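Undergrad: Supplied structure: structure38.cif, mmCIF, C-alpha atoms.
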data_model
#
loop_
_atom_site.label_atom_id
_atom_site.label_comp_id
_atom_site.auth_asym_id
_atom_site.auth_seq_id
_atom_site.Cartn_x
_atom_site.Cartn_y
_atom_site.Cartn_z
CA MET C 1 -23.51 -12.65 23.14
CA ASN C 2 -25.78 -12.54 20.08
CA GLN C 3 -27.85 -9.75 21.64
CA ARG C 4 -24.70 -7.65 22.04
CA LEU C 5 -23.69 -8.25 18.44
CA ARG C 6 -27.14 -7.37 17.13
CA ARG C 7 -26.93 -4.05 18.95
CA LEU C 8 -23.56 -3.39 17.30
CA ILE C 9 -24.09 -4.38 13.68
CA GLY C 10 -27.72 -5.20 13.14
CA THR C 11 -29.90 -8.28 13.18
CA GLY C 12 -30.29 -11.55 11.35
CA SER C 13 -27.34 -13.26 9.66
CA ALA C 14 -25.10 -10.26 10.37
CA ALA C 15 -24.47 -11.65 13.85
CA ALA C 16 -23.21 -14.96 12.53
CA CYS C 17 -21.10 -13.24 9.91
CA ALA C 18 -19.42 -10.96 12.45
CA ILE C 19 -18.50 -13.93 14.62
CA ALA C 20 -17.03 -15.66 11.57
CA LEU C 21 -15.10 -12.52 10.68
CA LEU C 22 -13.60 -12.20 14.14
CA ALA C 23 -12.78 -15.88 14.45
CA GLY C 24 -11.18 -16.40 11.06
CA CYS C 25 -10.19 -19.90 10.07
CA ALA C 26 -7.55 -22.51 10.75
CA ASN C 27 -4.45 -20.90 9.30
CA GLY C 28 -1.37 -22.58 7.94
CA PRO C 29 2.21 -21.45 7.41
CA GLY C 30 3.01 -18.93 4.71
CA ALA C 31 6.30 -17.19 5.41
CA GLU C 32 7.72 -15.15 2.59
CA GLU C 33 10.09 -12.26 1.92
CA PRO C 34 8.46 -9.56 -0.31
CA GLY C 35 10.05 -7.27 -2.26
CA ALA C 36 9.93 12.45 5.89
CA SER C 37 6.61 13.24 5.66
CA ARG C 38 6.92 16.77 4.26
CA SER C 39 4.81 19.80 3.56
CA PRO C 40 4.00 20.54 -0.10
CA GLY C 41 6.79 22.49 -1.76
CA THR C 42 9.57 21.37 0.59
CA PRO C 43 12.44 19.20 -0.66
CA ARG C 44 11.90 15.46 -0.88
CA ALA C 45 13.41 13.61 2.06
CA PRO C 46 16.28 11.28 1.11
CA GLN C 47 15.25 7.65 1.10
CA THR C 48 17.72 4.88 1.76
CA LYS C 49 17.88 1.45 0.26
CA ALA C 50 17.28 -1.00 3.06
CA ALA C 51 16.38 -4.65 3.17
CA PRO C 52 12.62 -4.99 2.63
CA PRO C 53 10.63 -6.06 5.67
CA GLY C 54 10.05 -9.75 6.18
CA ARG C 55 6.46 -10.91 5.93
CA PHE C 56 4.44 -13.83 7.23
CA ALA C 57 0.89 -14.30 5.97
CA SER C 58 -1.50 -16.81 7.50
CA ALA C 59 -3.46 -18.91 5.02
CA ASP C 60 -6.50 -17.78 3.04
CA PRO C 61 -9.33 -17.26 3.54
CA GLY C 62 -8.91 -14.71 6.27
CA SER C 63 -5.17 -14.26 5.74
CA VAL C 64 -3.46 -11.70 8.00
CA ASN C 65 0.05 -10.25 7.76
CA THR C 66 2.80 -9.65 10.27
CA TYR C 67 6.03 -7.87 9.30
CA TRP C 68 9.51 -7.59 10.73
CA ILE C 69 11.82 -4.68 9.99
CA THR C 70 15.60 -4.79 10.27
CA ALA C 71 16.71 -2.00 12.63
CA PRO C 72 20.14 -1.08 14.05
CA ASP C 73 19.25 -2.64 17.41
CA GLY C 74 17.27 -5.70 16.28
CA LEU C 75 13.98 -6.45 14.55
CA VAL C 76 10.80 -4.39 14.85
CA VAL C 77 7.64 -6.47 14.40
CA VAL C 78 4.36 -4.93 13.17
CA ASP C 79 1.14 -6.68 14.28
CA THR C 80 0.83 -10.14 15.78
CA LEU C 81 -1.77 -12.13 13.76
CA ARG C 82 -5.06 -13.62 14.93
CA THR C 83 -4.07 -16.44 17.29
CA PRO C 84 -1.05 -17.63 19.28
CA ALA C 85 -0.79 -20.61 16.92
CA ASP C 86 -0.44 -18.28 13.91
CA ALA C 87 2.02 -16.12 15.83
CA ARG C 88 4.22 -19.10 16.65
CA LYS C 89 4.52 -19.92 12.92
CA ALA C 90 5.64 -16.33 12.28
CA ILE C 91 8.04 -16.49 15.23
CA GLU C 92 9.63 -19.57 13.72
CA ALA C 93 10.27 -17.67 10.48
CA ILE C 94 11.58 -14.64 12.38
CA ARG C 95 14.03 -16.72 14.39
CA LYS C 96 15.58 -17.99 11.17
CA THR C 97 16.92 -14.47 10.58
CA GLY C 98 19.23 -14.89 13.56
CA THR C 99 18.37 -11.36 14.74
CA PRO C 100 16.55 -10.75 18.04
CA VAL C 101 13.23 -8.94 18.18
CA ALA C 102 13.67 -5.53 19.81
CA ALA C 103 10.07 -4.26 19.73
CA VAL C 104 6.51 -5.04 18.57
CA LEU C 105 4.12 -2.40 17.20
CA LEU C 106 0.32 -2.66 16.96
CA THR C 107 -1.69 -0.86 14.27
CA HIS C 108 -5.21 -1.32 15.66
CA ALA C 109 -7.30 -3.27 18.13
CA HIS C 110 -9.08 -5.78 15.88
CA PRO C 111 -8.73 -9.40 17.10
CA ASP C 112 -6.99 -10.65 13.95
CA HIS C 113 -4.07 -8.26 14.60
CA VAL C 114 -3.62 -8.55 18.36
CA GLY C 115 -4.54 -12.15 19.17
CA GLY C 116 -0.95 -13.38 18.84
CA ALA C 117 0.60 -10.68 21.08
CA GLY C 118 0.94 -13.06 24.01
CA ALA C 119 2.92 -15.55 21.94
CA PHE C 120 5.31 -12.81 20.83
CA HIS C 121 5.74 -11.65 24.42
CA GLU C 122 6.48 -15.21 25.54
CA ALA C 123 9.01 -15.71 22.74
CA PHE C 124 10.67 -12.29 23.13
CA PRO C 125 10.07 -11.19 26.75
CA ASP C 126 12.54 -8.29 26.54
CA ALA C 127 10.82 -6.74 23.52
CA PRO C 128 8.32 -4.04 24.55
CA LEU C 129 4.86 -4.06 22.97
CA TYR C 130 3.92 -0.59 21.67
CA ALA C 131 0.48 0.86 20.94
CA SER C 132 -0.83 4.39 20.57
CA ALA C 133 -2.91 5.71 23.44
CA SER C 134 -6.11 5.36 21.41
CA THR C 135 -5.35 1.78 20.34
CA ASP C 136 -4.44 0.80 23.89
CA ARG C 137 -7.69 2.32 25.15
CA ALA C 138 -9.71 0.54 22.43
CA MET C 139 -8.13 -2.78 23.37
CA ARG C 140 -8.75 -2.36 27.11
CA GLU C 141 -12.33 -1.12 26.74
CA ASP C 142 -13.36 -3.38 23.82
CA LYS C 143 -16.65 -1.50 23.58
CA ARG C 144 -17.88 -3.63 20.70
CA GLY C 145 -17.18 -6.85 22.57
CA PHE C 146 -15.05 -8.22 19.75
CA TYR C 147 -12.69 -10.25 21.94
CA PRO C 148 -15.37 -12.36 23.67
CA LEU C 149 -17.00 -12.89 20.27
CA ALA C 150 -13.74 -14.02 18.71
CA ARG C 151 -13.08 -16.28 21.68
CA SER C 152 -16.54 -17.88 21.57
CA ALA C 153 -16.22 -18.64 17.86
CA ASN C 154 -12.59 -19.80 17.78
CA SER C 155 -11.08 -21.72 20.66
CA ALA C 156 -7.61 -20.83 19.39
CA PHE C 157 -8.17 -17.16 20.19
CA PRO C 158 -6.44 -16.40 23.52
CA ALA C 159 -8.37 -16.53 26.78
CA ARG C 160 -6.57 -13.38 27.91
CA ILE C 161 -5.52 -10.38 25.83
CA THR C 162 -1.92 -9.20 26.10
CA TYR C 163 -1.96 -5.40 26.25
CA ALA C 164 0.77 -2.95 25.33
CA ASP C 165 3.37 -2.19 27.99
CA ARG C 166 4.55 0.95 26.14
CA THR C 167 2.10 3.58 24.90
CA PHE C 168 2.69 6.83 23.07
CA GLN C 169 0.53 9.85 22.34
CA ASP C 170 -1.36 9.69 19.07
CA GLY C 171 0.50 11.31 16.21
CA THR C 172 3.85 11.66 17.96
CA PRO C 173 7.09 10.29 16.44
CA LEU C 174 8.39 7.02 17.82
CA GLN C 175 12.06 6.08 18.23
CA VAL C 176 12.37 2.29 18.36
CA ALA C 177 15.43 0.02 18.08
CA GLY C 178 17.44 2.78 16.43
CA LEU C 179 14.73 3.67 13.87
CA ARG C 180 12.47 6.69 13.74
CA PHE C 181 8.81 6.21 12.82
CA GLU C 182 6.33 8.97 12.19
CA THR C 183 2.84 8.03 13.34
CA ALA C 184 -0.71 9.14 12.67
CA THR C 185 -4.02 8.03 14.16
CA PHE C 186 -7.28 7.90 12.19
CA ASP C 187 -10.72 7.31 13.71
CA HIS C 188 -14.05 5.91 12.45
CA GLY C 189 -12.93 4.09 9.32
CA GLU C 190 -12.12 0.42 8.83
CA SER C 191 -11.86 0.28 12.62
CA ASP C 192 -12.87 2.68 15.38
CA THR C 193 -9.27 3.85 15.63
CA ALA C 194 -6.11 2.95 13.72
CA THR C 195 -2.46 3.97 13.90
CA VAL C 196 -0.06 3.92 10.95
CA TYR C 197 3.75 3.88 11.12
CA TYR C 198 5.90 5.60 8.50
CA ARG C 199 9.66 5.36 7.93
CA PRO C 200 10.75 8.64 6.31
CA ASP C 201 14.21 7.21 5.50
CA THR C 202 12.76 4.49 3.24
CA GLY C 203 9.22 5.64 2.42
CA ASP C 204 7.74 2.48 3.99
CA LEU C 205 4.21 2.88 5.35
CA PHE C 206 2.70 0.26 7.67
CA ALA C 207 -0.99 1.06 7.28
CA GLY C 208 -2.77 -1.84 8.97
CA ASP C 209 -6.14 -2.33 7.28
CA LEU C 210 -6.56 1.22 5.95
CA ALA C 211 -5.17 0.36 2.50
CA THR C 212 -5.29 -3.36 1.85
CA SER C 213 -4.17 -5.12 -1.32
CA LYS C 214 -6.61 -6.89 -3.61
CA VAL C 215 -8.78 -8.42 -0.91
CA THR C 216 -12.50 -8.25 -0.16
CA PRO C 217 -12.71 -6.08 2.98
CA ALA C 218 -15.20 -6.28 5.80
CA LEU C 219 -17.56 -3.29 5.87
CA LEU C 220 -19.78 -4.63 8.65
CA GLU C 221 -19.21 -1.62 10.92
CA GLY C 222 -20.79 0.65 8.29
CA ASN C 223 -18.08 3.33 8.15
CA SER C 224 -17.28 3.35 4.43
CA CYS C 225 -17.61 7.15 4.25
CA GLY C 226 -15.21 7.62 7.15
CA TRP C 227 -12.80 5.19 5.51
CA LEU C 228 -12.85 7.19 2.26
CA GLN C 229 -12.07 10.39 4.15
CA ILE C 230 -9.18 8.65 5.92
CA LEU C 231 -7.67 7.53 2.61
CA ASP C 232 -7.57 11.16 1.47
CA ALA C 233 -6.08 12.26 4.80
CA LEU C 234 -3.50 9.47 4.66
CA GLY C 235 -2.22 10.70 1.30
CA ARG C 236 -1.98 14.27 2.56
CA ARG C 237 -0.19 13.23 5.75
CA PHE C 238 2.42 11.02 4.06
CA PRO C 239 2.79 12.29 0.48
CA GLU C 240 6.26 10.74 0.13
CA ALA C 241 5.20 7.23 1.12
CA ARG C 242 6.69 4.81 -1.35
CA THR C 243 5.54 1.31 -0.34
CA THR C 244 2.52 0.36 1.75
CA TYR C 245 2.67 -2.80 3.85
CA PRO C 246 -0.98 -3.71 4.44
CA GLY C 247 -2.61 -5.86 7.09
CA HIS C 248 -4.06 -8.09 4.37
CA GLY C 249 -2.61 -8.82 0.94
CA LEU C 250 0.70 -8.12 -0.72
CA PRO C 251 2.75 -4.92 -0.23
CA GLY C 252 2.68 -2.46 -3.11
CA PRO C 253 3.13 1.16 -4.21
CA ALA C 254 1.51 3.44 -1.65
CA THR C 255 -0.53 5.53 -4.08
CA GLN C 256 -1.66 2.42 -5.92
CA LEU C 257 -2.93 0.59 -2.83
CA ALA C 258 -4.74 3.68 -1.58
CA ALA C 259 -6.32 4.20 -5.01
CA GLN C 260 -7.38 0.56 -5.21
CA GLN C 261 -8.96 0.72 -1.75
CA ARG C 262 -10.74 3.96 -2.62
CA ASP C 263 -11.93 2.53 -5.94
CA TYR C 264 -13.37 -0.53 -4.20
CA LEU C 265 -15.25 1.51 -1.59
CA VAL C 266 -16.58 4.03 -4.10
CA ARG C 267 -17.68 1.28 -6.48
CA PHE C 268 -19.44 -0.56 -3.67
CA ARG C 269 -21.28 2.56 -2.51
CA ASP C 270 -22.22 3.44 -6.10
CA LEU C 271 -23.78 0.02 -6.60
CA VAL C 272 -25.67 -0.06 -3.28
CA ARG C 273 -26.94 3.53 -3.43
CA PRO C 274 -29.61 3.05 -6.16
CA ALA C 275 -30.80 -0.13 -4.43
CA VAL C 276 -31.84 1.88 -1.34
CA ALA C 277 -33.19 4.90 -3.22
CA ALA C 278 -36.82 5.85 -2.56
CA GLY C 279 -37.91 4.69 -6.01
CA SER C 280 -36.12 1.33 -5.95
CA PRO C 281 -38.20 -1.90 -6.08
CA ALA C 282 -37.91 -2.56 -2.33
CA GLY C 283 -37.52 1.02 -1.19
CA ARG C 284 -34.93 1.36 1.56
CA THR C 285 -34.38 -2.41 1.63
CA VAL C 286 -32.07 -4.15 -0.82
CA ALA C 287 -34.17 -6.66 -2.74
CA PRO C 288 -32.75 -10.16 -3.42
CA GLY C 289 -32.40 -9.40 -7.13
CA GLU C 290 -30.56 -6.15 -6.38
CA GLN C 291 -28.25 -7.96 -3.96
CA LYS C 292 -27.45 -10.54 -6.62
CA THR C 293 -26.68 -7.83 -9.17
CA ILE C 294 -24.37 -5.99 -6.76
CA THR C 295 -22.56 -9.21 -5.82
CA THR C 296 -22.12 -10.15 -9.48
CA GLU C 297 -20.83 -6.71 -10.43
CA MET C 298 -18.34 -6.62 -7.55
CA GLY C 299 -17.05 -10.06 -8.52
CA ARG C 300 -16.67 -8.94 -12.12
CA SER C 301 -14.92 -5.70 -11.17
CA TYR C 302 -12.62 -7.29 -8.56
CA PRO C 303 -11.96 -10.91 -9.57
CA GLY C 304 -9.71 -13.04 -7.40
CA HIS C 305 -10.03 -10.83 -4.30
CA PRO C 306 -10.07 -13.27 -1.34
CA PRO C 307 -12.15 -12.30 1.70
CA VAL C 308 -10.44 -11.07 4.85
CA ALA C 309 -12.44 -13.68 6.76
CA ASP C 310 -13.68 -17.23 6.23
CA LEU C 311 -17.17 -16.04 5.39
CA PRO C 312 -18.82 -17.11 2.10
CA THR C 313 -21.48 -14.37 2.39
CA LEU C 314 -19.11 -11.51 3.22
CA VAL C 315 -20.13 -9.39 0.21
CA GLN C 316 -23.83 -9.89 0.94
CA GLU C 317 -23.35 -8.85 4.57
CA ASN C 318 -21.28 -5.86 3.44
CA ILE C 319 -24.21 -4.85 1.24
CA LYS C 320 -26.55 -4.85 4.24
CA ALA C 321 -24.16 -2.78 6.35
CA VAL C 322 -23.49 -0.19 3.65
CA ALA C 323 -27.21 -0.04 2.84
CA ARG C 324 -27.90 0.91 6.47
CA GLU C 325 -25.12 3.48 6.31
CA LEU C 326 -26.38 5.06 3.08
CA THR C 327 -30.00 5.29 4.25
CA ALA C 328 -28.83 7.19 7.34
CA GLU C 329 -26.72 9.68 5.35
CA ASN C 330 -27.83 13.17 4.37
CA PRO C 331 -26.67 13.63 0.76
CA ALA C 332 -26.64 17.41 1.16
CA ARG C 333 -24.11 17.19 4.00
CA LEU C 334 -21.80 14.48 2.70
CA PRO C 335 -18.08 15.28 2.51
CA ALA C 336 -16.61 15.34 -0.98
CA ALA C 337 -14.86 11.99 -0.47
CA CYS C 338 -18.23 10.25 -0.03
CA SER C 339 -20.40 12.15 -2.48
CA ASP C 340 -21.87 10.44 -5.51
CA LYS C 341 -20.95 13.54 -7.51
CA PRO C 342 -17.79 13.25 -9.62
CA ARG C 343 -14.67 14.32 -7.77
CA GLU C 344 -12.29 16.83 -9.31
CA ALA C 345 -9.47 14.74 -10.76
CA ALA C 346 -5.81 15.58 -10.25
CA LEU C 347 -4.48 14.48 -13.62
CA LEU C 348 -0.91 13.97 -14.74
CA PRO C 349 -0.01 16.86 -17.10
CA PRO C 350 0.06 14.83 -20.37
CA VAL C 351 -3.21 13.15 -19.41
CA ASP C 352 -4.76 16.51 -18.56
CA ALA C 353 -3.60 17.79 -21.96
CA TYR C 354 -5.30 14.85 -23.70
CA VAL C 355 -8.61 15.34 -21.86
CA ASP C 356 -8.54 19.08 -22.52
CA ALA C 357 -7.78 18.55 -26.22
CA VAL C 358 -10.66 16.07 -26.62
CA ASN C 359 -13.15 18.48 -25.08
CA LYS C 360 -11.88 21.43 -27.10
CA GLY C 361 -11.85 19.43 -30.33
CA ASP C 362 -8.17 20.35 -30.80
CA LEU C 363 -6.69 17.59 -32.98
CA ASP C 364 -3.19 19.11 -32.98
CA ALA C 365 -3.05 19.35 -29.20
CA LEU C 366 -4.44 15.83 -28.82
CA THR C 367 -1.81 14.39 -31.16
CA GLY C 368 0.90 16.41 -29.45
CA ALA C 369 0.10 14.83 -26.09
CA PHE C 370 1.53 11.52 -27.41
CA ALA C 371 5.15 10.50 -27.96
CA ALA C 372 6.19 9.90 -31.57
CA ASP C 373 6.14 6.10 -31.17
CA ALA C 374 3.19 5.96 -28.76
CA GLU C 375 0.55 3.26 -28.88
CA VAL C 376 -3.20 3.37 -28.32
CA VAL C 377 -5.07 0.16 -27.54
CA ASP C 378 -8.73 0.91 -28.20
CA VAL C 379 -10.73 -2.04 -26.83
CA GLY C 380 -8.11 -4.46 -28.18
CA ARG C 381 -7.42 -2.58 -31.44
CA ARG C 382 -3.83 -1.30 -31.62
CA ILE C 383 -2.96 2.07 -33.15
CA GLN C 384 0.80 2.64 -33.36
CA GLY C 385 2.64 5.93 -33.90
CA ARG C 386 1.60 9.57 -33.77
CA ALA C 387 0.34 9.72 -37.38
CA ALA C 388 -1.93 6.70 -36.91
CA ILE C 389 -3.16 8.08 -33.58
CA ARG C 390 -4.00 11.37 -35.29
CA ALA C 391 -6.06 9.58 -37.95
CA TRP C 392 -7.85 7.50 -35.30
CA ALA C 393 -8.61 10.56 -33.15
CA GLU C 394 -9.86 12.62 -36.08
CA LYS C 395 -12.34 9.90 -37.02
CA GLU C 396 -13.40 8.54 -33.62
CA VAL C 397 -12.56 11.04 -30.86
CA ILE C 398 -12.78 14.64 -32.03
CA GLY C 399 -16.31 15.95 -31.62
CA GLY C 400 -16.89 13.84 -28.53
CA ARG C 401 -17.11 14.80 -24.88
CA LEU C 402 -14.84 13.18 -22.27
CA THR C 403 -15.82 13.49 -18.60
CA VAL C 404 -13.45 12.22 -15.91
CA LEU C 405 -15.53 10.60 -13.18
CA ARG C 406 -12.60 9.77 -10.92
CA VAL C 407 -8.93 8.86 -10.87
CA ALA C 408 -9.02 5.12 -10.19
CA GLU C 409 -5.26 4.68 -9.89
CA THR C 410 -2.14 6.83 -9.89
CA ARG C 411 1.46 5.83 -9.54
CA PRO C 412 4.71 7.16 -11.04
CA GLY C 413 4.38 7.09 -14.82
CA HIS C 414 0.85 5.67 -14.79
CA GLN C 415 -2.72 6.88 -14.34
CA ARG C 416 -6.03 5.08 -14.77
CA LEU C 417 -9.28 7.01 -15.10
CA LEU C 418 -12.93 6.08 -14.95
CA VAL C 419 -14.55 8.26 -17.61
CA GLN C 420 -17.76 8.82 -19.51
CA PHE C 421 -17.17 9.26 -23.25
CA ALA C 422 -19.93 10.65 -25.45
CA PRO C 423 -18.85 10.33 -29.13
CA GLY C 424 -21.52 12.79 -30.27
CA GLY C 425 -21.27 15.06 -27.26
CA THR C 426 -24.22 13.59 -25.33
CA GLY C 427 -25.08 10.20 -23.84
CA GLY C 428 -22.18 7.84 -24.29
CA PHE C 429 -20.71 5.04 -22.18
CA GLY C 430 -18.43 4.41 -19.21
CA ALA C 431 -14.85 3.37 -19.82
CA PHE C 432 -11.49 2.95 -18.12
CA TYR C 433 -8.60 4.87 -19.72
CA ALA C 434 -5.15 3.76 -18.57
CA PHE C 435 -2.23 6.03 -19.53
CA THR C 436 1.49 5.32 -19.39
CA VAL C 437 3.45 8.55 -19.24
CA GLU C 438 7.10 9.39 -19.75
CA GLY C 439 8.16 12.98 -19.20
CA ALA C 440 5.71 15.29 -20.95
CA SER C 441 4.24 12.65 -23.28
CA ILE C 442 1.83 9.74 -23.24
CA THR C 443 3.61 6.61 -24.43
CA LYS C 444 0.61 4.27 -24.21
CA ALA C 445 -3.14 4.60 -23.75
CA GLU C 446 -5.36 1.58 -23.14
CA LEU C 447 -9.10 2.12 -23.48
CA ALA C 448 -11.63 -0.45 -22.25
CA TYR C 449 -15.33 -0.44 -21.47
CA ALA C 450 -16.19 -0.19 -17.77
CA PRO C 451 -17.94 -3.30 -16.44
#
Output the file's structure as structure tokens, nothing else.
TA:
Amino acid sequence: MNQRLRRLIGTGSAAACAIALLAGCANGPGAEEPGASRSPGTPRAPQTKAAPPGRFASADPGSVNTYWITAPDGLVVVDTLRTPADARKAIEAIRKTGTPVAAVLLTHAHPDHVGGAGAFHEAFPDAPLYASASTDRAMREDKRGFYPLARSANSAFPARITYADRTFQDGTPLQVAGLRFETATFDHGESDTATVYYRPDTGDLFAGDLATSKVTPALLEGNSCGWLQILDALGRRFPEARTTYPGHGLPGPATQLAAQQRDYLVRFRDLVRPAVAAGSPAGRTVAPGEQKTITTEMGRSYPGHPPVADLPTLVQENIKAVARELTAENPARLPAACSDKPREAALLPPVDAYVDAVNKGDLDALTGAFAADAEVVDVGRRIQGRAAIRAWAEKEVIGGRLTVLRVAETRPGHQRLLVQFAPGGTGGFGAFYAFTVEGASITKAELAYAP
């Protein structure tokens, strides 16, 4: 068993950490109720107001979500948790709705999302279990041997996997229980293959683990570059997605969760990359001091992000996996999503006007980018009103150079940028600029040093 794992993800403590990841922990109850794809230029599809999906989350650490969607012909369940015991807790919450389950959908083949499928089938024998052709194949082949590993580490994991009894071709629409879902399959990212389900009538996107919410992900498979490319493709495929329902963490605005996931992956790669550079202290190996620095910086940048598994050394093992990935990459052939070069930022118009005005030294245009009663919070110092903002900018901003490194977050009326600001035109420091926008004007700008 350990020999197989070492072939898959490396040697040393990585084997133990992968077993811990797959097994998870003893999970307790946690039921709670949370709050058409189109081509660019075509009219926005109407979105209806429907009851939000129900959600059950097993306990942290290693919490996993299952959702149930109210459909005309019953409930549609998405993913089945890690173990039958977890699934039975979710089933208890689902039964309280008084509505029968009409179907179960699987997003991907990882053990923590399919281990409870047998319990759902036992509880709702008339409800078909759906998976895309690629997910079904990944489950049946289990090329990485994840299911035996999960079973050996956690006796609660089922002795036999329950496979889908209904499959559909990757990327084809799915009509289930009176609802229409658009689907898309993405390979070589967080998992070898993953399927997302999108409701064009509500803008709900069930993305599995592709865009999680404020958790520490597992990067042990070493596909962070593929994951970044998938996040870009996901946004292009479903530009009208309103709310993402992730496999781990709370639901949230679709663009926000994707941006947060991208920010985490980019930040992680940016921190690991210099540690495996040819001139680093340990060469291609991450030295203990470098590992400590990376772990500290990630904790500072993403505080309160619980791990997706009961594994105290998850970040350290992620460092090893991404280090192996980065040393194998050819920087000259990297796709734009994975490059360490700054990406071209798609800025909201008032934000773009501000950046352009700073770099042109145009005080009038800079002031005009703000609403009359706008507020700037400059590292805790508040500047209120357009006249005060003009005086502040004339003294502290004009003459400087502002470079947008990346858009860290975008959602309606809000954009957060990672920038480099050089007050004298050269050198400078990293900062996060968060803008609140209404119409054609900035109503608030919050400036803070980057960690």
Undergrad: Enumerate, in order of chain and increasing residue number, the residues of region 171-272 of chain C with an atom no farther than 9 Å from region 46-61 of chain C, each with its shortest atom pair and distance in Å to one decimal, counting all atoms listed in the file, as CSV.
TA:
residue,atom,partner,partner_atom,distance
C:Pro200,CA,C:Gln47,CA,7.0
C:Asp201,CA,C:Gln47,CA,4.5
C:Thr202,CA,C:Gln47,CA,4.6
C:Gly203,CA,C:Gln47,CA,6.5
C:Tyr245,CA,C:Pro53,CA,8.8
C:His248,CA,C:Ala57,CA,8.1
C:Gly249,CA,C:Ala57,CA,8.2
Undergrad: Report, in Å to a single decimal, how far apart CA of Val266 (chain C) and CA of Val351 (chain C) are.
TA: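 Straight-line distance from CA of Val351 (chain C) to CA of Val266 (chain C) works out to 22.3 Å.
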Undergrad: Could you list, as a count of residues only, every residue within 8 Å of Leu402 (chain C), counting only C-alpha atoms and ignoring same-chain residues fewer than 2 positions away?
TA: 9
Undergrad: Under the rule that all atoms listed in the file are counted, which of C:Gln260, C:Val315, C:Arg242, C:Ser339 is the nearest residue to Gln229 (chain C)?
TA: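 Under the stated criterion, the closest residue is C:Ser339.
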Undergrad: Determine the residue membership of the PyMOL selection byres ((chain C and resi 291) around 12) for the file above and supply it as JSON, numbers by chain.
TA: {"C": [268, 271, 272, 273, 274, 275, 276, 281, 282, 285, 286, 287, 288, 289, 290, 292, 293, 294, 295, 296, 297, 298, 313, 315, 316, 317, 318, 319, 320, 322, 323]}
Undergrad: Using only C-alpha atoms, please write the residues we just selected to a file, as a PDB file, keeping the file's coordinate frame.
TA:
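So selection-v2.pdb came out as:
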ATOM      1  CA  PHE C 268     -19.440  -0.560  -3.670  1.00  0.00           C
ATOM      2  CA  LEU C 271     -23.780   0.020  -6.600  1.00  0.00           C
ATOM      3  CA  VAL C 272     -25.670  -0.060  -3.280  1.00  0.00           C
ATOM      4  CA  ARG C 273     -26.940   3.530  -3.430  1.00  0.00           C
ATOM      5  CA  PRO C 274     -29.610   3.050  -6.160  1.00  0.00           C
ATOM      6  CA  ALA C 275     -30.800  -0.130  -4.430  1.00  0.00           C
ATOM      7  CA  VAL C 276     -31.840   1.880  -1.340  1.00  0.00           C
ATOM      8  CA  PRO C 281     -38.200  -1.900  -6.080  1.00  0.00           C
ATOM      9  CA  ALA C 282     -37.910  -2.560  -2.330  1.00  0.00           C
ATOM     10  CA  THR C 285     -34.380  -2.410   1.630  1.00  0.00           C
ATOM     11  CA  VAL C 286     -32.070  -4.150  -0.820  1.00  0.00           C
ATOM     12  CA  ALA C 287     -34.170  -6.660  -2.740  1.00  0.00           C
ATOM     13  CA  PRO C 288     -32.750 -10.160  -3.420  1.00  0.00           C
ATOM     14  CA  GLY C 289     -32.400  -9.400  -7.130  1.00  0.00           C
ATOM     15  CA  GLU C 290     -30.560  -6.150  -6.380  1.00  0.00           C
ATOM     16  CA  LYS C 292     -27.450 -10.540  -6.620  1.00  0.00           C
ATOM     17  CA  THR C 293     -26.680  -7.830  -9.170  1.00  0.00           C
ATOM     18  CA  ILE C 294     -24.370  -5.990  -6.760  1.00  0.00           C
ATOM     19  CA  THR C 295     -22.560  -9.210  -5.820  1.00  0.00           C
ATOM     20  CA  THR C 296     -22.120 -10.150  -9.480  1.00  0.00           C
ATOM     21  CA  GLU C 297     -20.830  -6.710 -10.430  1.00  0.00           C
ATOM     22  CA  MET C 298     -18.340  -6.620  -7.550  1.00  0.00           C
ATOM     23  CA  THR C 313     -21.480 -14.370   2.390  1.00  0.00           C
ATOM     24  CA  VAL C 315     -20.130  -9.390   0.210  1.00  0.00           C
ATOM     25  CA  GLN C 316     -23.830  -9.890   0.940  1.00  0.00           C
ATOM     26  CA  GLU C 317     -23.350  -8.850   4.570  1.00  0.00           C
ATOM     27  CA  ASN C 318     -21.280  -5.860   3.440  1.00  0.00           C
ATOM     28  CA  ILE C 319     -24.210  -4.850   1.240  1.00  0.00           C
ATOM     29  CA  LYS C 320     -26.550  -4.850   4.240  1.00  0.00           C
ATOM     30  CA  VAL C 322     -23.490  -0.190   3.650  1.00  0.00           C
ATOM     31  CA  ALA C 323     -27.210  -0.040   2.840  1.00  0.00           C
TER      32      ALA C 323
END
Undergrad: Can you translate the PyMOL selection byres ((chain C and resi 256-259) around 10) into the concrete residues it hits in this file, as a ChimeraX atom specification?
TA: /C:207,210-214,228,231-232,234-235,242-246,250-255,260-265,407-412,414-416
Undergrad: Separation of CA of Thr185 (chain C) and CA of Phe168 (chain C), in Å?
TA: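 CA of Phe168 (chain C) lies at a distance of 11.2 Å from CA of Thr185 (chain C).
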Undergrad: Closest to Thr216 (chain C) among C:Gln175, C:Thr327, C:Thr70, C:Ser301, using all atoms listed in the file?
TA: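 Checking each candidate against Thr216 (chain C), we get C:Ser301 as the closest.
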Undergrad: Would you work out the distance separating CA of Ala328 (chain C) from CA of Ser224 (chain C), expressed in Å to one decimal?
TA: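 A separation of 12.5 Å between them.
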